[in-house]
Structures are given as structure tokens and as C-alpha cells.
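**Student:** Structure: entry39.cif, mmCIF, C-alpha atoms, pLDDT in the B column; chains and numbers go by the auth columns.
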```cif
data_data
loop_
_atom_site.group_PDB
_atom_site.id
_atom_site.type_symbol
_atom_site.label_atom_id
_atom_site.label_comp_id
_atom_site.label_asym_id
_atom_site.label_seq_id
_atom_site.Cartn_x
_atom_site.Cartn_y
_atom_site.Cartn_z
_atom_site.B_iso_or_equiv
_atom_site.auth_seq_id
_atom_site.auth_asym_id
ATOM 1 C CA MET A 1 65.621 -82.614 -2.443 94.00 250 A
ATOM 2 C CA MET A 2 66.503 -79.066 -1.371 97.00 251 A
ATOM 3 C CA ARG A 3 63.550 -76.691 -1.168 98.00 252 A
ATOM 4 C CA ILE A 4 64.440 -73.147 -2.195 98.00 253 A
ATOM 5 C CA VAL A 5 61.992 -70.285 -1.655 98.00 254 A
ATOM 6 C CA VAL A 6 62.756 -67.093 -3.569 98.00 255 A
ATOM 7 C CA CYS A 7 60.929 -64.042 -2.220 98.00 256 A
ATOM 8 C CA VAL A 8 60.051 -61.619 -5.012 98.00 257 A
ATOM 9 C CA LYS A 9 58.388 -58.221 -5.093 96.00 258 A
ATOM 10 C CA GLU A 10 56.688 -56.303 -7.891 95.00 259 A
ATOM 11 C CA VAL A 11 57.880 -52.691 -8.109 93.00 260 A
ATOM 12 C CA LEU A 12 57.501 -49.686 -10.361 89.00 261 A
ATOM 13 C CA ASP A 13 59.995 -49.681 -13.221 90.00 262 A
ATOM 14 C CA PRO A 14 62.890 -47.634 -11.724 88.00 263 A
ATOM 15 C CA ALA A 15 63.989 -46.354 -15.149 88.00 264 A
ATOM 16 C CA ALA A 16 60.501 -45.056 -15.903 87.00 265 A
ATOM 17 C CA VAL A 17 60.237 -43.439 -12.470 85.00 266 A
ATOM 18 C CA ASN A 18 63.575 -41.682 -12.988 81.00 267 A
ATOM 19 C CA ASN A 19 62.569 -40.473 -16.448 82.00 268 A
ATOM 20 C CA TYR A 20 59.295 -39.075 -15.157 81.00 269 A
ATOM 21 C CA ALA A 21 61.114 -37.386 -12.257 77.00 270 A
ATOM 22 C CA LEU A 22 63.691 -35.798 -14.583 76.00 271 A
ATOM 23 C CA SER A 23 60.982 -34.510 -16.926 76.00 272 A
ATOM 24 C CA GLY A 24 58.874 -33.164 -14.050 76.00 273 A
ATOM 25 C CA GLY A 25 56.062 -35.599 -14.821 79.00 274 A
ATOM 26 C CA LEU A 26 56.164 -37.638 -11.604 81.00 275 A
ATOM 27 C CA LYS A 27 53.225 -36.633 -9.423 82.00 276 A
ATOM 28 C CA MET A 28 51.994 -37.851 -6.062 82.00 277 A
ATOM 29 C CA SER A 29 48.472 -39.174 -5.594 82.00 278 A
ATOM 30 C CA ALA A 30 45.885 -37.420 -3.443 82.00 279 A
ATOM 31 C CA ASP A 31 46.956 -39.241 -0.266 82.00 280 A
ATOM 32 C CA GLY A 32 50.467 -37.758 -0.573 83.00 281 A
ATOM 33 C CA ARG A 33 52.046 -41.128 0.155 82.00 282 A
ATOM 34 C CA HIS A 34 52.156 -42.883 -3.204 79.00 283 A
ATOM 35 C CA PRO A 35 53.114 -41.778 -6.710 81.00 284 A
ATOM 36 C CA ASP A 36 50.471 -41.533 -9.392 79.00 285 A
ATOM 37 C CA VAL A 37 51.506 -44.546 -11.449 73.00 286 A
ATOM 38 C CA ALA A 38 48.922 -44.810 -14.222 74.00 287 A
ATOM 39 C CA ALA A 39 51.556 -44.693 -16.976 77.00 288 A
ATOM 40 C CA ILE A 40 54.430 -46.425 -15.150 84.00 289 A
ATOM 41 C CA PRO A 41 54.875 -50.181 -15.776 87.00 290 A
ATOM 42 C CA ARG A 42 55.458 -52.659 -12.970 89.00 291 A
ATOM 43 C CA LEU A 43 58.054 -55.417 -12.998 93.00 292 A
ATOM 44 C CA ILE A 44 60.027 -57.754 -10.761 96.00 293 A
ATOM 45 C CA ASN A 45 62.468 -56.056 -8.399 96.00 294 A
ATOM 46 C CA GLY A 46 65.907 -56.328 -10.019 95.00 295 A
ATOM 47 C CA TYR A 47 67.665 -57.737 -6.957 96.00 296 A
ATOM 48 C CA ASP A 48 64.915 -60.340 -6.549 97.00 297 A
ATOM 49 C CA GLU A 49 65.417 -61.409 -10.155 97.00 298 A
ATOM 50 C CA GLN A 50 69.069 -61.992 -9.315 97.00 299 A
ATOM 51 C CA ALA A 51 68.019 -64.002 -6.250 98.00 300 A
ATOM 52 C CA LEU A 52 66.022 -66.236 -8.593 98.00 301 A
ATOM 53 C CA GLU A 53 69.061 -66.446 -10.866 98.00 302 A
ATOM 54 C CA ALA A 54 71.130 -67.631 -7.877 98.00 303 A
ATOM 55 C CA ALA A 55 68.608 -70.432 -7.295 98.00 304 A
ATOM 56 C CA LEU A 56 68.704 -71.434 -10.954 98.00 305 A
ATOM 57 C CA ARG A 57 72.515 -71.525 -10.899 98.00 306 A
ATOM 58 C CA LEU A 58 72.400 -73.908 -7.953 98.00 307 A
ATOM 59 C CA ARG A 59 70.169 -76.184 -10.038 98.00 308 A
ATOM 60 C CA ASP A 60 72.511 -75.811 -13.033 97.00 309 A
ATOM 61 C CA ALA A 61 75.400 -76.879 -10.784 97.00 310 A
ATOM 62 C CA GLY A 62 73.633 -80.178 -10.063 97.00 311 A
ATOM 63 C CA VAL A 63 71.813 -79.410 -6.805 97.00 312 A
ATOM 64 C CA ASP A 64 68.578 -81.418 -6.686 97.00 313 A
ATOM 65 C CA CYS A 65 66.096 -78.710 -5.738 97.00 314 A
ATOM 66 C CA ARG A 66 62.558 -77.399 -6.086 97.00 315 A
ATOM 67 C CA ILE A 67 62.284 -73.633 -6.538 98.00 316 A
ATOM 68 C CA VAL A 68 59.271 -71.690 -5.261 98.00 317 A
ATOM 69 C CA ALA A 69 58.718 -68.030 -6.193 98.00 318 A
ATOM 70 C CA LEU A 70 56.756 -66.339 -3.393 98.00 319 A
ATOM 71 C CA THR A 71 55.258 -62.847 -3.318 97.00 320 A
ATOM 72 C CA ILE A 72 52.679 -60.783 -1.438 97.00 321 A
ATOM 73 C CA GLY A 73 49.991 -59.282 -3.646 93.00 322 A
ATOM 74 C CA SER A 74 47.316 -61.083 -5.643 83.00 323 A
ATOM 75 C CA ASP A 75 47.743 -58.780 -8.674 87.00 324 A
ATOM 76 C CA ALA A 76 51.350 -59.828 -9.384 89.00 325 A
ATOM 77 C CA THR A 77 50.491 -62.836 -11.558 89.00 326 A
ATOM 78 C CA ALA A 78 52.357 -61.484 -14.607 92.00 327 A
ATOM 79 C CA MET A 79 55.546 -61.179 -12.555 95.00 328 A
ATOM 80 C CA LEU A 80 55.096 -64.707 -11.181 96.00 329 A
ATOM 81 C CA LYS A 81 54.586 -66.104 -14.667 96.00 330 A
ATOM 82 C CA GLN A 82 57.915 -64.504 -15.592 95.00 331 A
ATOM 83 C CA CYS A 83 59.465 -66.361 -12.646 97.00 332 A
ATOM 84 C CA ALA A 84 57.904 -69.574 -13.966 97.00 333 A
ATOM 85 C CA ALA A 85 59.294 -68.884 -17.430 97.00 334 A
ATOM 86 C CA LEU A 86 62.738 -68.436 -15.922 97.00 335 A
ATOM 87 C CA GLY A 87 62.515 -71.793 -14.169 96.00 336 A
ATOM 88 C CA ALA A 88 60.531 -71.601 -10.924 97.00 337 A
ATOM 89 C CA ASP A 89 58.699 -74.877 -10.254 97.00 338 A
ATOM 90 C CA GLU A 90 55.960 -73.278 -8.173 97.00 339 A
ATOM 91 C CA ILE A 91 54.566 -69.737 -8.013 97.00 340 A
ATOM 92 C CA VAL A 92 52.628 -68.450 -4.990 97.00 341 A
ATOM 93 C CA ALA A 93 50.975 -65.115 -4.202 97.00 342 A
ATOM 94 C CA ILE A 94 49.702 -64.246 -0.738 97.00 343 A
ATOM 95 C CA ASP A 95 46.641 -62.004 -0.935 96.00 344 A
ATOM 96 C CA PRO A 96 46.856 -59.454 1.914 95.00 345 A
ATOM 97 C CA GLY A 97 43.317 -58.193 1.321 92.00 346 A
ATOM 98 C CA ALA A 98 42.815 -54.951 3.216 91.00 347 A
ATOM 99 C CA THR A 99 45.675 -55.677 5.633 92.00 348 A
ATOM 100 C CA ALA A 100 48.335 -52.961 5.625 90.00 349 A
ATOM 101 C CA LEU A 101 51.816 -54.405 6.201 94.00 350 A
ATOM 102 C CA ASP A 102 55.069 -52.783 7.197 94.00 351 A
ATOM 103 C CA THR A 103 58.406 -54.544 6.716 94.00 352 A
ATOM 104 C CA THR A 104 58.034 -56.597 9.913 95.00 353 A
ATOM 105 C CA GLY A 105 54.524 -57.608 8.896 96.00 354 A
ATOM 106 C CA VAL A 106 55.737 -58.680 5.456 97.00 355 A
ATOM 107 C CA ALA A 107 58.421 -60.856 7.059 97.00 356 A
ATOM 108 C CA ARG A 108 55.903 -62.468 9.404 97.00 357 A
ATOM 109 C CA VAL A 109 53.509 -63.247 6.553 98.00 358 A
ATOM 110 C CA LEU A 110 56.256 -64.770 4.415 98.00 359 A
ATOM 111 C CA ALA A 111 57.516 -66.809 7.371 98.00 360 A
ATOM 112 C CA ALA A 112 54.009 -68.057 8.158 98.00 361 A
ATOM 113 C CA TRP A 113 53.554 -69.333 4.614 98.00 362 A
ATOM 114 C CA ILE A 114 56.979 -70.999 4.579 98.00 363 A
ATOM 115 C CA ARG A 115 56.321 -72.736 7.903 97.00 364 A
ATOM 116 C CA SER A 116 52.870 -73.931 6.874 96.00 365 A
ATOM 117 C CA ASN A 117 54.023 -75.276 3.522 95.00 366 A
ATOM 118 C CA GLY A 118 56.854 -77.624 4.298 92.00 367 A
ATOM 119 C CA GLY A 119 59.490 -75.117 5.343 96.00 368 A
ATOM 120 C CA ALA A 120 62.496 -74.111 3.279 98.00 369 A
ATOM 121 C CA ASP A 121 66.096 -75.273 3.274 98.00 370 A
ATOM 122 C CA LEU A 122 67.205 -72.043 1.628 98.00 371 A
ATOM 123 C CA VAL A 123 65.434 -68.690 1.321 98.00 372 A
ATOM 124 C CA LEU A 124 66.846 -66.300 -1.259 98.00 373 A
ATOM 125 C CA CYS A 125 65.921 -62.609 -1.353 98.00 374 A
ATOM 126 C CA GLY A 126 67.173 -59.559 -3.180 97.00 375 A
ATOM 127 C CA ARG A 127 69.419 -57.362 -1.053 96.00 376 A
ATOM 128 C CA GLN A 128 66.726 -54.637 -1.086 95.00 377 A
ATOM 129 C CA ALA A 129 63.727 -53.440 -3.060 93.00 378 A
ATOM 130 C CA SER A 130 64.188 -50.678 -5.611 89.00 379 A
ATOM 131 C CA ASP A 131 61.116 -48.775 -4.427 86.00 380 A
ATOM 132 C CA ASP A 132 61.997 -48.278 -0.742 86.00 381 A
ATOM 133 C CA ASP A 133 65.671 -49.381 -0.583 87.00 382 A
ATOM 134 C CA GLN A 134 65.356 -50.548 3.030 89.00 383 A
ATOM 135 C CA GLY A 135 66.624 -54.146 2.886 93.00 384 A
ATOM 136 C CA VAL A 136 64.858 -54.962 6.162 95.00 385 A
ATOM 137 C CA VAL A 137 62.522 -57.816 5.186 96.00 386 A
ATOM 138 C CA PRO A 138 65.172 -60.543 4.608 97.00 387 A
ATOM 139 C CA LEU A 139 66.771 -59.952 8.001 97.00 388 A
ATOM 140 C CA ALA A 140 63.412 -59.881 9.791 97.00 389 A
ATOM 141 C CA LEU A 141 62.413 -63.031 7.900 98.00 390 A
ATOM 142 C CA ALA A 142 65.558 -64.849 9.052 98.00 391 A
ATOM 143 C CA GLU A 143 64.912 -63.751 12.634 97.00 392 A
ATOM 144 C CA THR A 144 61.301 -64.959 12.482 97.00 393 A
ATOM 145 C CA LEU A 145 62.269 -68.316 10.958 97.00 394 A
ATOM 146 C CA ARG A 146 65.286 -68.680 13.293 97.00 395 A
ATOM 147 C CA HIS A 147 67.500 -69.323 10.271 97.00 396 A
ATOM 148 C CA ALA A 148 71.113 -68.358 9.738 96.00 397 A
ATOM 149 C CA VAL A 149 71.438 -65.293 7.511 97.00 398 A
ATOM 150 C CA THR A 150 74.115 -63.726 5.353 97.00 399 A
ATOM 151 C CA THR A 151 73.892 -60.752 3.015 96.00 400 A
ATOM 152 C CA LEU A 152 75.245 -59.225 -0.199 97.00 401 A
ATOM 153 C CA ALA A 153 75.905 -62.528 -1.970 97.00 402 A
ATOM 154 C CA LYS A 154 77.678 -62.426 -5.324 97.00 403 A
ATOM 155 C CA ASP A 155 77.901 -66.215 -5.521 97.00 404 A
ATOM 156 C CA VAL A 156 76.049 -69.066 -3.819 98.00 405 A
ATOM 157 C CA SER A 157 77.059 -72.733 -3.982 98.00 406 A
ATOM 158 C CA PHE A 158 76.247 -75.930 -2.100 97.00 407 A
ATOM 159 C CA ALA A 159 78.432 -78.991 -1.611 95.00 408 A
ATOM 160 C CA ASP A 160 79.028 -81.628 1.078 93.00 409 A
ATOM 161 C CA GLY A 161 76.081 -80.391 3.102 93.00 410 A
ATOM 162 C CA LEU A 162 77.416 -76.847 3.418 96.00 411 A
ATOM 163 C CA LEU A 163 76.260 -73.611 1.824 97.00 412 A
ATOM 164 C CA THR A 164 79.106 -71.389 0.613 98.00 413 A
ATOM 165 C CA VAL A 165 78.410 -67.710 -0.002 98.00 414 A
ATOM 166 C CA THR A 166 80.808 -65.178 -1.477 98.00 415 A
ATOM 167 C CA ARG A 167 79.874 -61.738 -0.163 97.00 416 A
ATOM 168 C CA ALA A 168 80.644 -58.466 -1.948 95.00 417 A
ATOM 169 C CA THR A 169 81.834 -56.093 0.776 94.00 418 A
ATOM 170 C CA PRO A 170 83.469 -52.631 0.580 92.00 419 A
ATOM 171 C CA GLU A 171 86.738 -54.243 1.713 92.00 420 A
ATOM 172 C CA GLY A 172 86.631 -56.971 -0.957 93.00 421 A
ATOM 173 C CA ASP A 173 85.122 -60.432 -1.308 95.00 422 A
ATOM 174 C CA GLU A 174 84.379 -62.425 1.832 97.00 423 A
ATOM 175 C CA VAL A 175 83.608 -66.163 1.826 97.00 424 A
ATOM 176 C CA VAL A 176 81.336 -67.606 4.522 97.00 425 A
ATOM 177 C CA ARG A 177 79.906 -71.094 5.015 97.00 426 A
ATOM 178 C CA ALA A 178 76.742 -72.158 6.814 94.00 427 A
ATOM 179 C CA ASN A 179 74.569 -75.134 7.546 96.00 428 A
ATOM 180 C CA LEU A 180 71.033 -75.134 6.212 97.00 429 A
ATOM 181 C CA PRO A 181 68.425 -73.790 6.742 97.00 430 A
ATOM 182 C CA ALA A 182 69.570 -70.300 5.857 97.00 431 A
ATOM 183 C CA VAL A 183 68.434 -66.978 4.412 98.00 432 A
ATOM 184 C CA VAL A 184 70.701 -65.254 1.866 98.00 433 A
ATOM 185 C CA THR A 185 70.306 -61.832 0.275 98.00 434 A
ATOM 186 C CA VAL A 186 71.668 -61.517 -3.257 98.00 435 A
ATOM 187 C CA SER A 187 73.361 -58.431 -4.696 96.00 436 A
ATOM 188 C CA ASN A 188 73.835 -57.220 -8.261 94.00 437 A
ATOM 189 C CA GLU A 189 77.455 -58.433 -8.233 95.00 438 A
ATOM 190 C CA LEU A 190 76.003 -61.884 -8.988 97.00 439 A
ATOM 191 C CA GLY A 191 75.850 -60.796 -12.624 94.00 440 A
ATOM 192 C CA ALA A 192 73.140 -60.400 -15.225 93.00 441 A
ATOM 193 C CA PRO A 193 70.197 -62.794 -14.889 95.00 442 A
ATOM 194 C CA ARG A 194 69.189 -65.022 -17.785 94.00 443 A
ATOM 195 C CA PHE A 195 66.331 -64.403 -20.203 94.00 444 A
ATOM 196 C CA PRO A 196 63.497 -66.921 -20.575 94.00 445 A
ATOM 197 C CA THR A 197 63.198 -68.821 -23.822 94.00 446 A
ATOM 198 C CA ALA A 198 60.129 -68.501 -26.052 95.00 447 A
ATOM 199 C CA LYS A 199 59.220 -72.120 -25.237 95.00 448 A
ATOM 200 C CA ALA A 200 59.460 -71.427 -21.492 95.00 449 A
ATOM 201 C CA LYS A 201 57.264 -68.333 -21.861 94.00 450 A
ATOM 202 C CA MET A 202 54.593 -70.374 -23.627 95.00 451 A
ATOM 203 C CA ALA A 203 54.679 -73.032 -20.912 94.00 452 A
ATOM 204 C CA ALA A 204 54.499 -70.396 -18.167 95.00 453 A
ATOM 205 C CA ARG A 205 51.283 -68.979 -19.607 93.00 454 A
ATOM 206 C CA LYS A 206 49.542 -72.225 -18.668 92.00 455 A
ATOM 207 C CA MET A 207 50.929 -72.184 -15.125 93.00 456 A
ATOM 208 C CA ASN A 208 48.584 -70.664 -12.542 92.00 457 A
ATOM 209 C CA ALA A 209 49.822 -69.030 -9.384 95.00 458 A
ATOM 210 C CA GLU A 210 48.487 -70.361 -6.104 95.00 459 A
ATOM 211 C CA ILE A 211 46.608 -67.504 -4.409 95.00 460 A
ATOM 212 C CA VAL A 212 46.720 -67.792 -0.616 96.00 461 A
ATOM 213 C CA PRO A 213 44.413 -65.587 1.509 96.00 462 A
ATOM 214 C CA ILE A 214 46.325 -64.032 4.372 96.00 463 A
ATOM 215 C CA ASP A 215 43.576 -65.139 6.783 94.00 464 A
ATOM 216 C CA SER A 216 44.408 -68.782 6.047 95.00 465 A
ATOM 217 C CA LEU A 217 47.902 -68.463 7.533 96.00 466 A
ATOM 218 C CA GLY A 218 46.697 -68.289 11.127 94.00 467 A
ATOM 219 C CA ILE A 219 48.565 -65.117 12.037 95.00 468 A
ATOM 220 C CA ASP A 220 47.345 -63.106 15.015 93.00 469 A
ATOM 221 C CA ALA A 221 46.050 -59.807 13.628 90.00 470 A
ATOM 222 C CA ALA A 222 47.811 -57.912 16.422 91.00 471 A
ATOM 223 C CA ALA A 223 51.163 -59.282 15.195 92.00 472 A
ATOM 224 C CA LEU A 224 50.583 -57.585 11.848 94.00 473 A
ATOM 225 C CA THR A 225 49.795 -54.135 13.243 93.00 474 A
ATOM 226 C CA PRO A 226 52.249 -51.783 11.497 93.00 475 A
ATOM 227 C CA GLN A 227 54.898 -50.340 13.787 91.00 476 A
ATOM 228 C CA ILE A 228 56.100 -47.984 11.062 89.00 477 A
ATOM 229 C CA GLU A 229 53.698 -46.031 8.889 88.00 478 A
ATOM 230 C CA LEU A 230 54.539 -44.048 5.782 85.00 479 A
ATOM 231 C CA GLN A 231 53.380 -40.471 6.275 87.00 480 A
ATOM 232 C CA ARG A 232 54.440 -38.633 3.139 87.00 481 A
ATOM 233 C CA GLN A 233 56.559 -38.887 0.011 84.00 482 A
ATOM 234 C CA VAL A 234 57.916 -35.898 -1.855 82.00 483 A
ATOM 235 C CA VAL A 235 59.145 -35.690 -5.439 79.00 484 A
ATOM 236 C CA PRO A 236 62.414 -33.727 -5.361 75.00 485 A
ATOM 237 C CA GLN A 237 63.187 -31.028 -7.880 74.00 486 A
ATOM 238 C CA VAL A 238 65.614 -32.706 -10.272 66.00 487 A
ATOM 239 C CA GLN A 239 67.560 -30.976 -13.026 66.00 488 A
ATOM 240 C CA GLY A 240 69.558 -32.800 -15.652 64.00 489 A
ATOM 241 C CA ASN A 241 72.138 -30.904 -17.676 74.00 490 A
ATOM 242 C CA CYS A 242 74.619 -32.329 -20.143 80.00 491 A
ATOM 243 C CA GLU A 243 77.387 -30.442 -21.912 85.00 492 A
ATOM 244 C CA PHE A 244 79.802 -31.954 -24.429 90.00 493 A
ATOM 245 C CA ILE A 245 83.416 -30.808 -24.401 92.00 494 A
ATOM 246 C CA THR A 246 85.069 -30.876 -27.816 93.00 495 A
ATOM 247 C CA GLY A 247 88.676 -30.915 -28.920 94.00 496 A
ATOM 248 C CA SER A 248 91.562 -33.347 -28.853 95.00 497 A
ATOM 249 C CA PRO A 249 91.765 -35.883 -25.978 95.00 498 A
ATOM 250 C CA ALA A 250 94.375 -33.705 -24.255 95.00 499 A
ATOM 251 C CA GLU A 251 92.283 -30.558 -24.665 95.00 500 A
ATOM 252 C CA ILE A 252 89.158 -32.330 -23.396 95.00 501 A
ATOM 253 C CA ALA A 253 91.051 -33.634 -20.339 96.00 502 A
ATOM 254 C CA GLN A 254 92.454 -30.167 -19.551 95.00 503 A
ATOM 255 C CA ALA A 255 89.039 -28.527 -19.926 94.00 504 A
ATOM 256 C CA LEU A 256 87.376 -31.164 -17.772 94.00 505 A
ATOM 257 C CA MET A 257 89.975 -30.807 -15.006 96.00 506 A
ATOM 258 C CA ALA A 258 89.537 -27.035 -15.094 95.00 507 A
ATOM 259 C CA ARG A 259 85.767 -27.432 -14.635 92.00 508 A
ATOM 260 C CA ILE A 260 86.282 -29.864 -11.739 92.00 509 A
ATOM 261 C CA ARG A 261 88.726 -27.537 -9.976 95.00 510 A
ATOM 262 C CA ALA A 262 86.365 -24.578 -10.446 93.00 511 A
ATOM 263 C CA ALA A 263 83.492 -26.556 -8.977 89.00 512 A
#
```
Do you think you could lay out the structure here as C-alpha cells?
**Tutor:**
Amino acid sequence: MMRIVVCVKEVLDPAAVNNYALSGGLKMSADGRHPDVAAIPRLINGYDEQALEAALRLRDAGVDCRIVALTIGSDATAMLKQCAALGADEIVAIDPGATALDTTGVARVLAAWIRSNGGADLVLCGRQASDDDQGVVPLALAETLRHAVTTLAKDVSFADGLLTVTRATPEGDEVVRANLPAVVTVSNELGAPRFPTAKAKMAARKMNAEIVPIDSLGIDAAALTPQIELQRQVVPQVQGNCEFITGSPAEIAQALMARIRAA
């Protein structure tokens, strides 16, 4: 049976963040490094949801697999229950406690859990997180695990012992094949993820996430010392203006082209 680990992250709702920014209501907290998020909901990172969808499509295609949804943060149980409702067989949250982690630290913690819990044939991650847009963790995770890695997947399939990944690149689609184990990052070109059924949601409510203390993973504390530290975040001044051009299609096109040329 193939073991698939899907790494997921809980983030602030990007649409809500954008709306608050446009209305001038997005404020930074006293430390100057994090937004004041009292009224902003949290949800699964969109790319990570598509990574889970890629795992579920492998199962739908007949691959005998067990899917584990893995996150860092003991307060993300609602997100993990959503993963369970979608079809994850196991949900796990690593509790970092007071440990501050940068991207390298996150990768090392995820790798330590994977190694200590039977390994993984395939690790699926979103191409990047919507809150920091770095896309560093999957690559660092592959390096730490010594797994093959490919990025920007729009399709993932497995047959005859080989993993086939179709990558969405600026030059067009690219098809690569690899032996397992491997790490793959999934992009939005995969397509819209499925919605859980009401029955699956009810079943997921009874499913408890395994909470793993970071101290139980046996990681040297020095290896988790952040090499990059966030100093400050700034909310930019954003203005949104919308003007409707009226008239016939030809008149609208002419007026629009005139505005573009003037700009």
C-alpha cells in the first residue's frame, strides 16, 4: 500500500485579508510583525487543498493508498477535520509549543515526523502558502528526506511503479517521471478540489487528530534555530476604483483603447 503524506497549513482567508486591506481595515498588531486577525477567519491553504485533491484522485484512479494529512500547529483541528471529511485516513498535528520555526525548521519538523512514523512513498504539498508566498518548505523537505522532487504539478498519476507528473510551466506542459519516494508540489492548474459530502462531514466530527509534541520527535534544538527572522510587515496603501464605460460594443472598445493609450 502506498503511503501518501499531504502537508497542509492553516492560513488567514486571503479574500478577507484583501477586503480588509482595500477598505483600510487591515491593521498590524503591536509587535509590527503580524496582522491583527480577530475578525479574519482561518482556513486551509488553497494550494494545499489541491495537494489533497491530487492524493484523492490517485485513490480514485485505483492506487491502493493511505492518505495522511499533516500540519504544524495544535489549534488547526477544524482544518484537519475538513481534510478528514474530504477523505484523509489519518490527521496529525505537530504541536510546536513555544518553538519559533522558519521555513527550514518547518521542513525539518515535518521530515522528522515522517521518518519516525513509517516514512512516506509520496509527499504532496501545495506549491506555496497564500500568507507568505515563499514556496520554500517543500523543497527543503525533499532535501531533508533525500527524496526526488518536482514542482508545479497539474496532474499526478502512478502506474507500473513510476510516478508521472505533468508540470505547468511558462513554456507549456512538461511531463516528468520518477521513482518513489518523491515530493511533489501541486499548483492550481490541477483544477477545483471536491467538496465533502454531508455524511463525510458527520463522520469527520468523530475523528480526532493525533497531537504530537515537537519534543517527542528527537530533533536537536540547535537544528531548529531560525536562520531567517521576520522583522516587520507593512500594510500598503491600496486604492480600488472602478468606472463603467457605457455605449455600444464598438464605442466601449474605442473608449477603452483611448484610456489605455492615454495611460
**Student:** Excluding same-chain residues fewer than 5 positions from range 410-418 of chain A, what lies within 10 Å of it counting only C-alpha atoms, as a list in words?
**Tutor:**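 The filter keeps Leu371, Thr399, Thr400, Leu401, Ala402, Lys403, Asp404, Val405, Glu423, Val424, Val425, Arg426, Ala427, Asn428, Leu429, Pro430, Ala431, Val433, Thr434, Val435, Ser436, Asn437, Glu438 and Leu439 of chain A.
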**Student:** Here is a test: counting all atoms listed in the file, which residue of A:Gly384, A:Ala300, A:Ser323, A:Met277 is nearest to Ile253 in chain A?
**Tutor:**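 Looking only at the distances to Ile253 in chain A, the closest residue turns out to be A:Ala300.
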**Student:** Just say which residues the PyMOL selection byres ((chain A and resi 453) around 6) picks in this file, as number ranges by chain.
**Tutor:** A: 330, 333-334, 450-452, 454-456
**Student:** As a list in words, please: the residues near Glu302 in chain A (cut-off 10 Å, only C-alpha atoms, same-chain neighbours under 5 positions excluded).
**Tutor:**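 Listed by chain and then number, they are Val255, Tyr296, Asp297, Leu307, Arg308, Cys332, Leu335, Gly336, Ala337, Leu373, Val435, Leu439, Gly440, Ala441, Pro442, Arg443 and Phe444 of chain A.
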**Student:** Write out, as a PDB file, in the frame of the given file, the residues just selected, with C-alpha atoms.
**Tutor:**
```pdb
ATOM      1  CA  VAL A 255      62.756 -67.093  -3.569  1.00 98.00           C
ATOM      2  CA  TYR A 296      67.665 -57.737  -6.957  1.00 96.00           C
ATOM      3  CA  ASP A 297      64.915 -60.340  -6.549  1.00 97.00           C
ATOM      4  CA  LEU A 307      72.400 -73.908  -7.953  1.00 98.00           C
ATOM      5  CA  ARG A 308      70.169 -76.184 -10.038  1.00 98.00           C
ATOM      6  CA  CYS A 332      59.465 -66.361 -12.646  1.00 97.00           C
ATOM      7  CA  LEU A 335      62.738 -68.436 -15.922  1.00 97.00           C
ATOM      8  CA  GLY A 336      62.515 -71.793 -14.169  1.00 96.00           C
ATOM      9  CA  ALA A 337      60.531 -71.601 -10.924  1.00 97.00           C
ATOM     10  CA  LEU A 373      66.846 -66.300  -1.259  1.00 98.00           C
ATOM     11  CA  VAL A 435      71.668 -61.517  -3.257  1.00 98.00           C
ATOM     12  CA  LEU A 439      76.003 -61.884  -8.988  1.00 97.00           C
ATOM     13  CA  GLY A 440      75.850 -60.796 -12.624  1.00 94.00           C
ATOM     14  CA  ALA A 441      73.140 -60.400 -15.225  1.00 93.00           C
ATOM     15  CA  PRO A 442      70.197 -62.794 -14.889  1.00 95.00           C
ATOM     16  CA  ARG A 443      69.189 -65.022 -17.785  1.00 94.00           C
ATOM     17  CA  PHE A 444      66.331 -64.403 -20.203  1.00 94.00           C
TER      18      PHE A 444
END
```
**Student:** Nearest to Val341 in chain A: which of A:Arg481, A:Arg376, A:Lys258, A:Lys448 is it, counting all atoms listed in the file?
**Tutor:**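 The answer is A:Lys258, which sits nearest to Val341 in chain A.
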**Student:** Since I can't run it myself right now, could you work out what the PyMOL selection byres ((chain A and resi 485) around 12) selects here and report it as JSON, numbers by chain?
**Tutor:** {"A": [267, 269, 270, 271, 272, 273, 274, 275, 276, 277, 482, 483, 484, 486, 487, 488]}
**Student:** Would you work out the distance separating CA of Gly354 in chain A from CA of Val286 in chain A, expressed in Å to one decimal?
**Tutor:**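 Between CA of Gly354 in chain A and CA of Val286 in chain A the gap works out to 24.4 Å.
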**Student:** Go through the shown structure with the PyMOL selection byres ((chain A and resi 318) around 6) and write out the matching residues as a PyMOL selection string.
**Tutor:** chain A and resi 255+317+319+340
**Student:** I need the residue nearest Leu305 in chain A from this list: A:Val358, A:Val254, A:Val260, A:Ala458. Use all atoms listed in the file for the distance.
**Tutor:**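 Residue with the minimum atom-to-atom distance to Leu305 in chain A: A:Val254.
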**Student:** Select, from A:Cys314, A:Gln480, A:Pro284, A:Leu390, the residue with the minimum atom-to-atom distance to Glu339 in chain A, counting only C-alpha atoms.
**Tutor:**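 Result for the nearest residue to Glu339 in chain A: A:Cys314.
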**Student:** Around all listed atoms of range 443-461 of chain A, padded 5 Å per side, what centre and edge lengths does the axis-aligned box have in Å to one decimal, as JSON?
**Tutor:**
```
{"center_x": 57.9, "center_y": -68.7, "center_z": -13.3, "size_x": 32.6, "size_y": 18.6, "size_z": 35.4}
```
**Student:** Work out how far CA of Ala327 in chain A is from CA of Gly311 in chain A, in Å to one decimal.
**Tutor:**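 Atom-to-atom, CA of Gly311 in chain A to CA of Ala327 in chain A, that is 28.7 Å.
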**Student:** Please list as a list in words every residue within 9 Å of Leu505 in chain A, counting all atoms listed in the file and excluding residues in the same chain fewer than 5 positions away.
**Tutor:**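 Once the nearby chain positions are removed, what remains is Ile494, Glu500 and Arg510 of chain A.
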**Student:** Between CA of Asp285 in chain A and CA of Glu298 in chain A, what distance in Å does the model show, to one decimal?
**Tutor:** 24.9 Å
**Student:** Go through A:Asn294, A:Ile501, A:Glu459, A:Ile316 and flag the residue nearest Asp382 in chain A, using all atoms listed in the file for the distances.
**Tutor:**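 Closest to Asp382 in chain A of all the choices is A:Asn294.
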**Student:** Can you tell me which residues surround Leu473 in chain A at a distance of at most 8 Å, considering all atoms listed in the file, apart from same-chain residues fewer than 6 positions away, and format the answer as a PDB file with C-alpha atoms, in the coordinates of the input?
**Tutor:**
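Resulting contents of selection_37.pdb:
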```pdb
ATOM      1  CA  LEU A 350      51.816 -54.405   6.201  1.00 94.00           C
ATOM      2  CA  THR A 353      58.034 -56.597   9.913  1.00 95.00           C
ATOM      3  CA  GLY A 354      54.524 -57.608   8.896  1.00 96.00           C
ATOM      4  CA  ARG A 357      55.903 -62.468   9.404  1.00 97.00           C
TER       5      ARG A 357
END
```
**Student:** With all atoms listed in the file as the counted atoms, please give the residues lying no more than 7 Å from Arg315 in chain A, apart from itself and same-chain residues fewer than 4 positions off, as number ranges by chain.
**Tutor:** A: 251-253, 338
**Student:** Keeping only C-alpha atoms, write the selected residues as a compact mmCIF listing (two decimals), keeping the file's coordinate frame.
**Tutor:**
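What ended up in out_36.txt:
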```txt
# COMPACT_ATOMS: atom_id res chain seq x y z
CA MET A 251 66.50 -79.07 -1.37
CA ARG A 252 63.55 -76.69 -1.17
CA ILE A 253 64.44 -73.15 -2.19
CA ASP A 338 58.70 -74.88 -10.25
```
**Student:** Of the candidates A:Asp380, A:Asp313, A:Glu392, A:Asp324, which one gets nearest to Ala356 in chain A if we count all atoms listed in the file?
**Tutor:** A:Glu392
